[in-house]
file target_38.cif (mmCIF, C-alpha atoms)
data_final
loop_
_atom_site.label_atom_id
_atom_site.label_comp_id
_atom_site.auth_asym_id
_atom_site.auth_seq_id
_atom_site.Cartn_x
_atom_site.Cartn_y
_atom_site.Cartn_z
CA MET F 216 -27.67 -0.16 -21.79
CA GLU F 217 -31.00 1.01 -20.40
CA LEU F 218 -33.00 0.13 -17.34
CA GLN F 219 -36.77 0.40 -17.30
CA LEU F 220 -37.28 2.25 -14.03
CA GLN F 221 -40.01 3.91 -12.01
CA PRO F 222 -39.26 6.46 -9.27
CA LEU F 223 -38.76 4.86 -5.86
CA ASN F 224 -40.94 7.53 -4.24
CA LEU F 225 -39.45 6.82 -0.83
CA PRO F 226 -40.12 9.34 1.95
CA SER F 227 -37.16 11.64 2.53
CA ASP F 228 -35.86 12.61 5.95
CA GLN F 229 -33.92 15.44 4.35
CA GLU F 230 -34.45 17.68 1.34
CA ARG F 231 -32.55 15.47 -1.06
CA ALA F 232 -31.96 12.12 0.65
CA PHE F 233 -33.89 9.27 2.19
CA ILE F 234 -32.58 7.45 5.25
CA ILE F 235 -33.00 3.72 5.85
CA ALA F 236 -32.13 2.89 9.44
CA GLY F 237 -32.41 0.10 11.94
CA PRO F 238 -30.42 -2.67 13.59
CA CYS F 239 -28.14 -5.09 11.82
CA SER F 240 -30.30 -7.96 13.12
CA ALA F 241 -33.82 -8.35 14.45
CA GLU F 242 -32.81 -9.87 17.78
CA THR F 243 -35.96 -9.70 19.90
CA GLU F 244 -39.40 -8.19 19.46
CA GLU F 245 -38.65 -5.72 22.25
CA GLN F 246 -35.36 -4.63 20.64
CA VAL F 247 -37.02 -4.20 17.24
CA MET F 248 -39.93 -2.16 18.58
CA THR F 249 -37.81 -0.01 20.90
CA THR F 250 -35.40 0.86 18.10
CA ALA F 251 -38.19 1.48 15.58
CA LYS F 252 -40.12 3.78 17.91
CA GLN F 253 -36.99 5.75 18.75
CA LEU F 254 -36.15 6.15 15.06
CA ALA F 255 -39.71 7.12 14.18
CA GLY F 256 -39.56 9.69 16.96
CA LYS F 257 -36.51 11.21 15.26
CA GLY F 258 -38.34 11.48 11.94
CA CYS F 259 -37.03 8.34 10.24
CA HIS F 260 -39.49 6.83 7.75
CA ILE F 261 -37.84 3.56 6.69
CA PHE F 262 -36.91 0.80 9.14
CA ARG F 263 -34.40 -1.91 8.26
CA ALA F 264 -33.50 -5.09 10.14
CA GLY F 265 -31.80 -8.35 9.20
CA ILE F 266 -34.26 -11.25 9.39
CA TRP F 267 -31.89 -13.80 7.84
CA LYS F 268 -28.24 -13.26 8.79
CA PRO F 269 -25.87 -15.81 7.25
CA ARG F 270 -22.46 -15.03 8.72
CA THR F 271 -19.01 -15.27 7.19
CA LYS F 272 -18.32 -18.14 9.55
CA PRO F 273 -20.89 -20.41 11.24
CA GLY F 274 -21.49 -20.09 14.95
CA GLY F 275 -22.69 -16.49 15.19
CA PHE F 276 -26.27 -15.26 15.37
CA GLU F 277 -27.85 -15.94 12.00
CA GLY F 278 -31.25 -14.37 12.50
CA HIS F 279 -34.63 -15.70 13.58
CA GLY F 280 -35.95 -15.99 10.04
CA GLU F 281 -39.71 -16.18 9.56
CA LEU F 282 -40.28 -15.88 13.31
CA ALA F 283 -39.20 -12.22 13.20
CA LEU F 284 -41.32 -11.12 10.25
CA PRO F 285 -44.43 -10.40 12.40
CA TRP F 286 -42.25 -7.98 14.37
CA MET F 287 -41.69 -6.02 11.16
CA GLU F 288 -45.45 -6.02 10.54
CA ARG F 289 -45.92 -4.58 13.99
CA VAL F 290 -43.37 -1.85 13.21
CA LYS F 291 -45.49 -0.79 10.21
CA GLU F 292 -48.73 -0.88 12.19
CA GLU F 293 -47.50 1.07 15.21
CA THR F 294 -45.07 3.58 13.65
CA GLY F 295 -46.22 3.92 10.03
CA MET F 296 -42.66 3.31 8.85
CA LEU F 297 -41.84 1.37 5.71
CA THR F 298 -39.84 -1.81 6.35
CA ALA F 299 -36.79 -3.28 4.63
CA THR F 300 -34.79 -6.49 4.90
CA GLU F 301 -32.23 -8.57 3.01
CA VAL F 302 -33.28 -11.57 0.94
CA ALA F 303 -30.92 -14.26 -0.30
CA THR F 304 -33.17 -17.09 -1.51
CA PRO F 305 -36.49 -17.38 -3.35
CA GLU F 306 -38.06 -18.55 -0.07
CA HIS F 307 -36.91 -15.33 1.61
CA VAL F 308 -38.57 -13.32 -1.16
CA GLU F 309 -41.84 -15.20 -0.81
CA LEU F 310 -41.96 -14.83 2.97
CA ALA F 311 -40.91 -11.17 2.98
CA LEU F 312 -43.58 -10.22 0.45
CA LYS F 313 -46.18 -12.31 2.30
CA HIS F 314 -45.48 -10.29 5.45
CA GLY F 315 -45.65 -6.94 3.68
CA ILE F 316 -41.96 -5.98 3.65
CA ASP F 317 -41.77 -2.83 1.50
CA ILE F 318 -38.13 -2.88 0.41
CA LEU F 319 -35.97 -5.92 -0.28
CA TRP F 320 -32.24 -5.69 -0.67
CA ILE F 321 -29.80 -8.16 -2.15
CA GLY F 322 -26.58 -8.54 -0.18
CA ALA F 323 -23.03 -8.27 -1.46
CA ARG F 324 -22.30 -12.00 -1.31
CA THR F 325 -25.48 -12.79 -3.24
CA THR F 326 -24.79 -10.12 -5.87
CA ALA F 327 -21.48 -11.85 -6.58
CA ASN F 328 -23.34 -15.01 -7.70
CA PRO F 329 -25.31 -14.61 -10.97
CA PHE F 330 -27.08 -17.95 -10.37
CA ALA F 331 -28.37 -16.73 -7.00
CA VAL F 332 -29.39 -13.35 -8.43
CA GLN F 333 -31.30 -15.01 -11.27
CA ALA F 334 -33.12 -17.24 -8.78
CA LEU F 335 -34.19 -14.12 -6.86
CA ALA F 336 -35.22 -12.41 -10.11
CA ASP F 337 -37.40 -15.40 -10.98
CA ALA F 338 -39.00 -15.28 -7.52
CA LEU F 339 -39.69 -11.55 -7.88
CA GLN F 340 -41.34 -11.92 -11.29
CA GLY F 341 -44.79 -10.37 -11.28
CA SER F 342 -44.37 -8.52 -7.96
CA ASP F 343 -44.35 -4.76 -7.42
CA ALA F 344 -41.46 -4.91 -4.96
CA THR F 345 -38.88 -2.22 -4.39
CA VAL F 346 -35.45 -3.84 -4.66
CA LEU F 347 -32.00 -2.46 -3.81
CA VAL F 348 -28.88 -4.31 -4.97
CA LYS F 349 -25.65 -4.04 -3.00
CA ASN F 350 -22.33 -4.00 -4.81
CA PRO F 351 -20.56 -7.38 -4.97
CA VAL F 352 -17.89 -8.18 -2.38
CA ASN F 353 -15.11 -7.57 -4.91
CA PRO F 354 -14.74 -4.42 -7.05
CA ASP F 355 -16.45 -5.69 -10.19
CA LEU F 356 -18.70 -3.05 -11.74
CA GLU F 357 -19.89 -5.33 -14.53
CA LEU F 358 -21.05 -7.93 -12.02
CA TRP F 359 -22.96 -5.24 -10.11
CA ILE F 360 -24.60 -3.95 -13.29
CA GLY F 361 -25.36 -7.51 -14.35
CA ALA F 362 -27.26 -8.14 -11.13
CA LEU F 363 -29.27 -4.94 -11.61
CA LEU F 364 -30.11 -5.95 -15.18
CA ARG F 365 -31.27 -9.41 -14.05
CA ILE F 366 -33.63 -7.94 -11.45
CA ASN F 367 -34.90 -5.30 -13.87
CA GLY F 368 -35.38 -7.99 -16.49
CA ALA F 369 -37.83 -9.70 -14.13
CA GLY F 370 -40.07 -6.63 -14.35
CA ILE F 371 -38.84 -4.91 -11.18
CA GLN F 372 -38.83 -1.21 -12.05
CA LYS F 373 -38.56 0.27 -8.55
CA LEU F 374 -34.88 -0.49 -8.41
CA GLY F 375 -31.81 1.02 -6.77
CA ALA F 376 -28.22 0.22 -5.80
CA ILE F 377 -26.44 0.21 -2.45
CA HIS F 378 -22.77 1.13 -2.27
CA ARG F 379 -21.24 -0.67 0.74
CA GLY F 380 -17.58 -0.72 -0.27
CA PHE F 381 -15.36 -3.64 -1.24
CA SER F 382 -13.54 -6.26 0.77
CA SER F 383 -9.78 -5.98 1.04
CA TYR F 384 -7.25 -8.46 2.34
CA GLU F 385 -5.08 -5.66 3.66
CA LYS F 386 -5.85 -3.89 6.93
CA LYS F 387 -6.95 -0.33 6.22
CA LEU F 388 -8.81 2.50 7.91
CA TYR F 389 -12.16 1.24 6.70
CA ARG F 390 -13.58 -2.25 7.01
CA ASN F 391 -14.46 -2.08 3.30
CA ASP F 392 -12.58 0.07 0.81
CA PRO F 393 -15.05 2.76 -0.41
CA MET F 394 -13.57 2.90 -3.92
CA TRP F 395 -15.90 5.80 -4.66
CA GLN F 396 -14.81 5.82 -8.30
CA ILE F 397 -16.83 2.64 -8.91
CA ALA F 398 -20.02 4.19 -7.52
CA ILE F 399 -19.29 7.30 -9.59
CA GLU F 400 -18.88 5.19 -12.73
CA LEU F 401 -22.14 3.36 -11.98
CA LYS F 402 -23.85 6.74 -11.65
CA ARG F 403 -22.33 7.89 -14.93
CA ARG F 404 -23.42 4.78 -16.82
CA LEU F 405 -26.87 4.48 -15.22
CA PRO F 406 -27.72 8.10 -14.30
CA GLN F 407 -31.39 7.32 -13.67
CA LEU F 408 -30.54 4.67 -11.03
CA PRO F 409 -30.82 5.79 -7.38
CA ILE F 410 -27.72 4.90 -5.34
CA VAL F 411 -27.75 4.53 -1.55
CA CYS F 412 -24.59 4.59 0.57
CA ASP F 413 -24.12 2.11 3.42
CA PRO F 414 -21.54 3.83 5.65
CA SER F 415 -21.93 1.24 8.40
CA HIS F 416 -20.45 -1.56 6.31
CA ILE F 417 -17.86 0.68 4.67
CA SER F 418 -16.57 1.92 8.01
CA GLY F 419 -17.00 -1.02 10.35
CA ARG F 420 -16.71 1.63 13.09
CA ARG F 421 -19.35 3.98 14.37
CA ASP F 422 -16.92 6.90 14.73
CA LEU F 423 -16.36 7.01 10.96
CA ILE F 424 -20.01 6.95 9.91
CA ALA F 425 -20.69 10.70 10.03
CA SER F 426 -17.86 11.66 7.66
CA LEU F 427 -18.82 8.91 5.22
CA CYS F 428 -22.44 10.08 5.22
CA GLN F 429 -21.31 13.58 4.30
CA GLU F 430 -18.97 12.28 1.62
CA ALA F 431 -21.82 10.27 0.08
CA MET F 432 -24.00 13.38 0.00
CA ASP F 433 -21.14 15.41 -1.51
CA LEU F 434 -20.94 12.81 -4.28
CA GLY F 435 -24.63 13.26 -5.01
CA LEU F 436 -25.80 9.84 -3.84
CA ASP F 437 -29.51 9.58 -3.19
CA GLY F 438 -29.80 8.12 0.29
CA LEU F 439 -28.18 6.42 3.26
CA MET F 440 -28.62 3.04 4.91
CA VAL F 441 -27.28 3.26 8.46
CA GLU F 442 -27.34 0.57 11.11
CA SER F 443 -28.97 1.90 14.27
CA HIS F 444 -29.65 -0.02 17.49
CA CYS F 445 -31.28 1.02 20.75
CA ASN F 446 -28.28 -0.45 22.62
CA PRO F 447 -25.41 -0.91 20.15
CA GLU F 448 -22.92 -2.23 22.69
CA GLU F 449 -25.18 -5.21 23.34
CA ALA F 450 -25.98 -5.94 19.67
CA TRP F 451 -25.84 -9.59 18.65
CA SER F 452 -24.09 -8.80 15.36
CA ASP F 453 -21.85 -5.99 14.07
CA ALA F 454 -22.00 -4.10 17.37
CA SER F 455 -19.05 -1.84 16.54
CA GLN F 456 -20.68 -0.27 13.47
CA GLN F 457 -24.11 0.58 14.90
CA VAL F 458 -25.20 3.91 16.40
CA THR F 459 -28.13 4.85 18.60
CA PRO F 460 -31.13 6.58 17.03
CA GLU F 461 -30.12 9.72 18.90
CA VAL F 462 -26.63 9.70 17.42
CA LEU F 463 -28.03 9.00 13.96
CA ASP F 464 -30.38 11.95 14.30
CA PHE F 465 -27.41 14.18 15.19
CA ILE F 466 -25.43 12.89 12.18
CA VAL F 467 -28.34 13.50 9.79
CA SER F 468 -29.05 16.94 11.24
CA ARG F 469 -25.47 18.00 10.49
CA LEU F 470 -25.45 16.87 6.86
CA VAL F 471 -24.83 19.57 4.28
CA PHE F 472 -26.69 19.13 0.98
CA ARG F 473 -24.94 20.80 -1.89
CA ASP F 474 -26.14 21.81 -5.32
CA THR F 475 -26.21 18.67 -7.46
CA LYS F 476 -26.74 20.44 -10.78
CA GLY F 477 -24.61 22.41 -13.17
CA GLN F 478 -20.92 22.75 -13.88
CA ALA F 479 -19.87 23.06 -10.25
CA ASP F 480 -21.36 19.67 -9.48
CA LYS F 481 -19.66 18.07 -12.48
CA LEU F 482 -16.32 19.52 -11.40
CA LYS F 483 -16.92 18.18 -7.89
CA ASP F 484 -17.56 14.70 -9.28
CA TYR F 485 -14.33 14.81 -11.26
CA ARG F 486 -12.39 15.96 -8.22
CA HIS F 487 -13.81 13.18 -6.08
CA GLU F 488 -12.81 10.75 -8.79
CA ILE F 489 -9.29 12.22 -8.82
CA ASP F 490 -9.11 11.91 -5.01
CA ALA F 491 -10.13 8.26 -5.19
CA LEU F 492 -7.52 7.53 -7.86
CA ASP F 493 -4.86 9.40 -5.87
CA ASP F 494 -5.69 7.20 -2.87
CA GLU F 495 -5.04 4.16 -5.05
CA LEU F 496 -1.77 5.65 -6.33
CA ILE F 497 -0.49 6.19 -2.78
CA GLU F 498 -1.42 2.64 -1.79
CA LEU F 499 0.32 1.23 -4.88
CA LEU F 500 3.42 3.30 -4.13
CA ALA F 501 3.44 1.94 -0.58
CA LYS F 502 3.29 -1.61 -1.96
CA ARG F 503 6.12 -0.81 -4.37
CA MET F 504 8.27 0.55 -1.54
CA LYS F 505 7.65 -2.61 0.46
CA VAL F 506 9.05 -4.66 -2.43
CA SER F 507 11.99 -2.22 -2.67
CA ARG F 508 12.76 -2.80 1.01
CA ASN F 509 12.70 -6.56 0.44
CA ILE F 510 15.13 -6.07 -2.44
CA GLY F 511 17.33 -3.93 -0.20
CA GLN F 512 17.47 -6.67 2.41
CA TYR F 513 18.38 -9.22 -0.26
CA LYS F 514 21.12 -6.94 -1.66
CA LYS F 515 22.58 -6.50 1.80
CA GLU F 516 22.64 -10.25 2.43
CA MET F 517 24.17 -10.96 -1.00
CA GLY F 518 26.75 -8.17 -0.78
CA LEU F 519 25.30 -6.24 -3.73
CA THR F 520 25.33 -2.46 -4.18
CA VAL F 521 22.18 -0.45 -3.55
CA VAL F 522 22.07 1.23 -6.97
CA GLN F 523 21.95 -1.00 -10.03
CA THR F 524 22.38 1.54 -12.86
CA ARG F 525 21.47 -0.82 -15.71
CA ARG F 526 18.15 -1.72 -14.03
CA TYR F 527 17.43 1.98 -13.36
CA SER F 528 17.98 2.86 -17.03
CA GLU F 529 15.72 0.00 -18.13
CA ILE F 530 12.91 1.31 -15.90
CA LEU F 531 13.18 4.86 -17.26
CA ASP F 532 13.24 3.69 -20.89
CA LYS F 533 10.43 1.17 -20.53
CA ARG F 534 8.08 3.36 -18.49
CA GLY F 535 8.81 6.41 -20.66
CA ALA F 536 7.75 4.49 -23.76
CA GLN F 537 4.71 3.09 -22.00
CA GLY F 538 3.67 6.56 -20.87
CA SER F 539 4.00 7.93 -24.40
CA LEU F 540 1.73 5.22 -25.75
CA LEU F 541 -0.87 6.17 -23.15
CA GLY F 542 -0.68 9.89 -23.86
CA ILE F 543 1.63 10.90 -21.00
CA GLY F 544 4.78 12.89 -21.81
CA ARG F 545 8.13 11.11 -21.49
CA GLU F 546 9.54 13.90 -19.32
CA CYS F 547 6.62 13.60 -16.92
CA ILE F 548 7.15 9.84 -16.58
CA LYS F 549 10.92 10.35 -16.21
CA SER F 550 10.40 12.86 -13.40
CA ILE F 551 7.94 10.59 -11.58
CA PHE F 552 10.20 7.53 -11.73
CA GLU F 553 13.29 9.52 -10.77
CA ASN F 554 11.51 10.48 -7.57
CA ILE F 555 10.28 6.94 -6.99
CA HIS F 556 13.82 5.63 -7.50
CA GLU F 557 15.24 8.24 -5.13
CA GLU F 558 12.81 7.17 -2.40
CA SER F 559 13.54 3.48 -3.07
CA VAL F 560 17.27 4.15 -2.69
CA ARG F 561 16.67 6.07 0.54
CA GLN F 562 14.66 3.22 2.04
CA GLN F 563 17.22 0.62 0.95
CA MET F 564 20.04 2.69 2.45
CA GLU F 565 18.21 2.66 5.78
CA ILE F 566 18.33 -1.13 5.64
CA PHE F 567 22.04 -1.12 4.74
CA ASN F 568 22.84 1.21 7.63
CA LYS F 569 21.07 -0.86 10.28
#
call {"tool": "encode", "arguments": {"input": "target_38.cif", "output": "structure tokens"}}
result
Amino acid sequence: MELQLQPLNLPSDQERAFIIAGPCSAETEEQVMTTAKQLAGKGCHIFRAGIWKPRTKPGGFEGHGELALPWMERVKEETGMLTATEVATPEHVELALKHGIDILWIGARTTANPFAVQALADALQGSDATVLVKNPVNPDLELWIGALLRINGAGIQKLGAIHRGFSSYEKKLYRNDPMWQIAIELKRRLPQLPIVCDPSHISGRRDLIASLCQEAMDLGLDGLMVESHCNPEEAWSDASQQVTPEVLDFIVSRLVFRDTKGQADKLKDYRHEIDALDDELIELLAKRMKVSRNIGQYKKEMGLTVVQTRRYSEILDKRGAQGSLLGIGRECIKSIFENIHEESVRQQMEIFNK
């Protein structure tokens, strides 16, 4: 699989990364210009703002649409910054290009719909736009790659991806699960494709943005898209995940850029992948223990014993054979499931002793 790409040639705020920053939504002309001028004053070269803002549920602020596009033109004229916004329909594409928007991005909900992506690709045909494609809402790498291929197939060669994490039903530290291993796999399969990290949507909280920015740089991603507002507390959308231009400047100034070449970098990538998989293992173990506690409660109510030896033997035999087929030693699997069983018994005994 090959993409026909040209370099993005976006201005970098740091030695190895470009920063796209600006408010979640273009709320008023004053808010847009104040934020843009503050960001430009901190050395930011690319301004983002949501012109169209379809919300998860109706009733919230959904953007001013075409009315706000002249504000973006004014940003370019008065600050010299490039401008970027999300497009979700062919009409959005037409209007954004008409008003000189430099970078268009496709949102996660749109990426999840191949029909919508193809409609955007058709609208982009023949243009020289720079397009960034966010990962789909759910962790589906093939769907993400498919969207990139559709846009590239329309002749868009200044193309990149945005990693914004994946929705999860369960309540976790981050608003969206980073699942870095998917971004790493995208980078492995399409090494020439620039990947931008969106820590604002991953975190959902401004206090987590700095660490996510550094993690993205440690993984060798190419840039950051951070939501920045002149008065975040008063933002009309996603207030909790926006930072002031001053705070963003502090975050960027503290970033450490590591060597992205050679064996050390490859080892670092593998270790990040291991860390991501270990995170998944811990979460799966926690889910398993929850089921074990439910079983313990049922055993207590039914007057059953905690340890069911026949079931335990079945697990060891079955998982040992499964591990062997997958290249994992039987003794390793036996040791792992002995420890899992021991913890399950401990947690069930707590229920019995209540």
call {"tool": "closest_atom_pairs", "arguments": {"input": "target_38.cif", "of": "segment 447-547 of chain F", "to": "segment 411-422 of chain F", "cutoff": "9 Å", "atoms": "all atoms listed in the file", "output": "CSV"}}
result
residue,atom,partner,partner_atom,distance
F:Asp453,CA,F:Gly419,CA,7.9
F:Ala454,CA,F:Arg420,CA,8.9
F:Ser455,CA,F:Arg420,CA,5.4
F:Gln456,CA,F:Arg420,CA,4.4
F:Gln457,CA,F:Arg421,CA,5.9
F:Val458,CA,F:Arg421,CA,6.2
call {"tool": "atom_distance", "arguments": {"input": "target_38.cif", "atom1": "atom CA of Leu496 of chain F", "atom2": "atom CA of Arg534 of chain F"}}
result
15.8 Å
call {"tool": "residues_around", "arguments": {"input": "target_38.cif", "residues": "Lys505 of chain F", "least_positions_apart": "6", "cutoff": "10 Å", "atoms": "all atoms listed in the file", "output": "PDB file with C-alpha atoms, keeping the file's coordinate frame"}}
result
ATOM      1  CA  LEU F 499       0.320   1.230  -4.880  1.00  0.00           C
ATOM      2  CA  GLY F 511      17.330  -3.930  -0.200  1.00  0.00           C
ATOM      3  CA  SER F 559      13.540   3.480  -3.070  1.00  0.00           C
ATOM      4  CA  GLN F 562      14.660   3.220   2.040  1.00  0.00           C
TER       5      GLN F 562
END
call {"tool": "resolve_selection", "arguments": {"input": "target_38.cif", "expression": "the PyMOL selection byres ((chain F and resi 217) around 12)", "output": "VMD selection string"}}
result
chain F and resid 216 218 to 220 360 to 361 363 to 364 367 to 368 372 404 to 408
call {"tool": "write_last_selection", "arguments": {"input": "target_38.cif", "atoms": "C-alpha atoms", "output": "PDB file, keeping the file's coordinate frame"}}
result
ATOM      1  CA  MET F 216     -27.670  -0.160 -21.790  1.00  0.00           C
ATOM      2  CA  LEU F 218     -33.000   0.130 -17.340  1.00  0.00           C
ATOM      3  CA  GLN F 219     -36.770   0.400 -17.300  1.00  0.00           C
ATOM      4  CA  LEU F 220     -37.280   2.250 -14.030  1.00  0.00           C
ATOM      5  CA  ILE F 360     -24.600  -3.950 -13.290  1.00  0.00           C
ATOM      6  CA  GLY F 361     -25.360  -7.510 -14.350  1.00  0.00           C
ATOM      7  CA  LEU F 363     -29.270  -4.940 -11.610  1.00  0.00           C
ATOM      8  CA  LEU F 364     -30.110  -5.950 -15.180  1.00  0.00           C
ATOM      9  CA  ASN F 367     -34.900  -5.300 -13.870  1.00  0.00           C
ATOM     10  CA  GLY F 368     -35.380  -7.990 -16.490  1.00  0.00           C
ATOM     11  CA  GLN F 372     -38.830  -1.210 -12.050  1.00  0.00           C
ATOM     12  CA  ARG F 404     -23.420   4.780 -16.820  1.00  0.00           C
ATOM     13  CA  LEU F 405     -26.870   4.480 -15.220  1.00  0.00           C
ATOM     14  CA  PRO F 406     -27.720   8.100 -14.300  1.00  0.00           C
ATOM     15  CA  GLN F 407     -31.390   7.320 -13.670  1.00  0.00           C
ATOM     16  CA  LEU F 408     -30.540   4.670 -11.030  1.00  0.00           C
TER      17      LEU F 408
END
call {"tool": "atom_distance", "arguments": {"input": "target_38.cif", "atom1": "atom CA of Val462 of chain F", "atom2": "atom CA of Ala431 of chain F"}}
result
18.0 Å
call {"tool": "resolve_selection", "arguments": {"input": "target_38.cif", "expression": "the PyMOL selection byres ((chain F and resi 487) around 9)", "output": "PyMOL selection string"}}
result
chain F and resi 395-396+399+433-434+482-486+488-492
call {"tool": "closest_residue", "arguments": {"input": "target_38.cif", "among": "F:Phe465, F:Phe381, F:Trp320, F:Trp359", "to": "Pro393 of chain F", "atoms": "all atoms listed in the file"}}
result
F:Phe381
call {"tool": "residues_around", "arguments": {"input": "target_38.cif", "residues": "Ile548 of chain F", "least_positions_apart": "4", "cutoff": "8 Å", "atoms": "all atoms listed in the file", "output": "PyMOL selection string"}}
result
chain F and resi 531+534-535+538+543-544+552
call {"tool": "residues_near_point", "arguments": {"input": "target_38.cif", "point": "(-43.9, -0.7, 7.5)", "cutoff": "9 Å", "atoms": "only C-alpha atoms", "output": "list in words"}}
result
His260, Ile261, Phe262, Met287, Glu288, Arg289, Val290, Lys291, Glu292, Glu293, Thr294, Gly295, Met296, Leu297, Thr298, Ala299, Gly315, Ile316 and Asp317 of chain F
call {"tool": "atom_distance", "arguments": {"input": "target_38.cif", "atom1": "atom CA of Leu358 of chain F", "atom2": "atom CA of Pro409 of chain F"}}
result
17.5 Å
call {"tool": "closest_residue", "arguments": {"input": "target_38.cif", "among": "F:Phe276, F:Trp286, F:Phe233, F:Tyr527", "to": "Glu245 of chain F", "atoms": "only C-alpha atoms"}}
result
F:Trp286
call {"tool": "resolve_selection", "arguments": {"input": "target_38.cif", "expression": "the PyMOL selection byres ((chain F and resi 566) around 9)", "output": "MDAnalysis selection string"}}
result
chainID F and resid 508 511:512 515 561:565 567:569
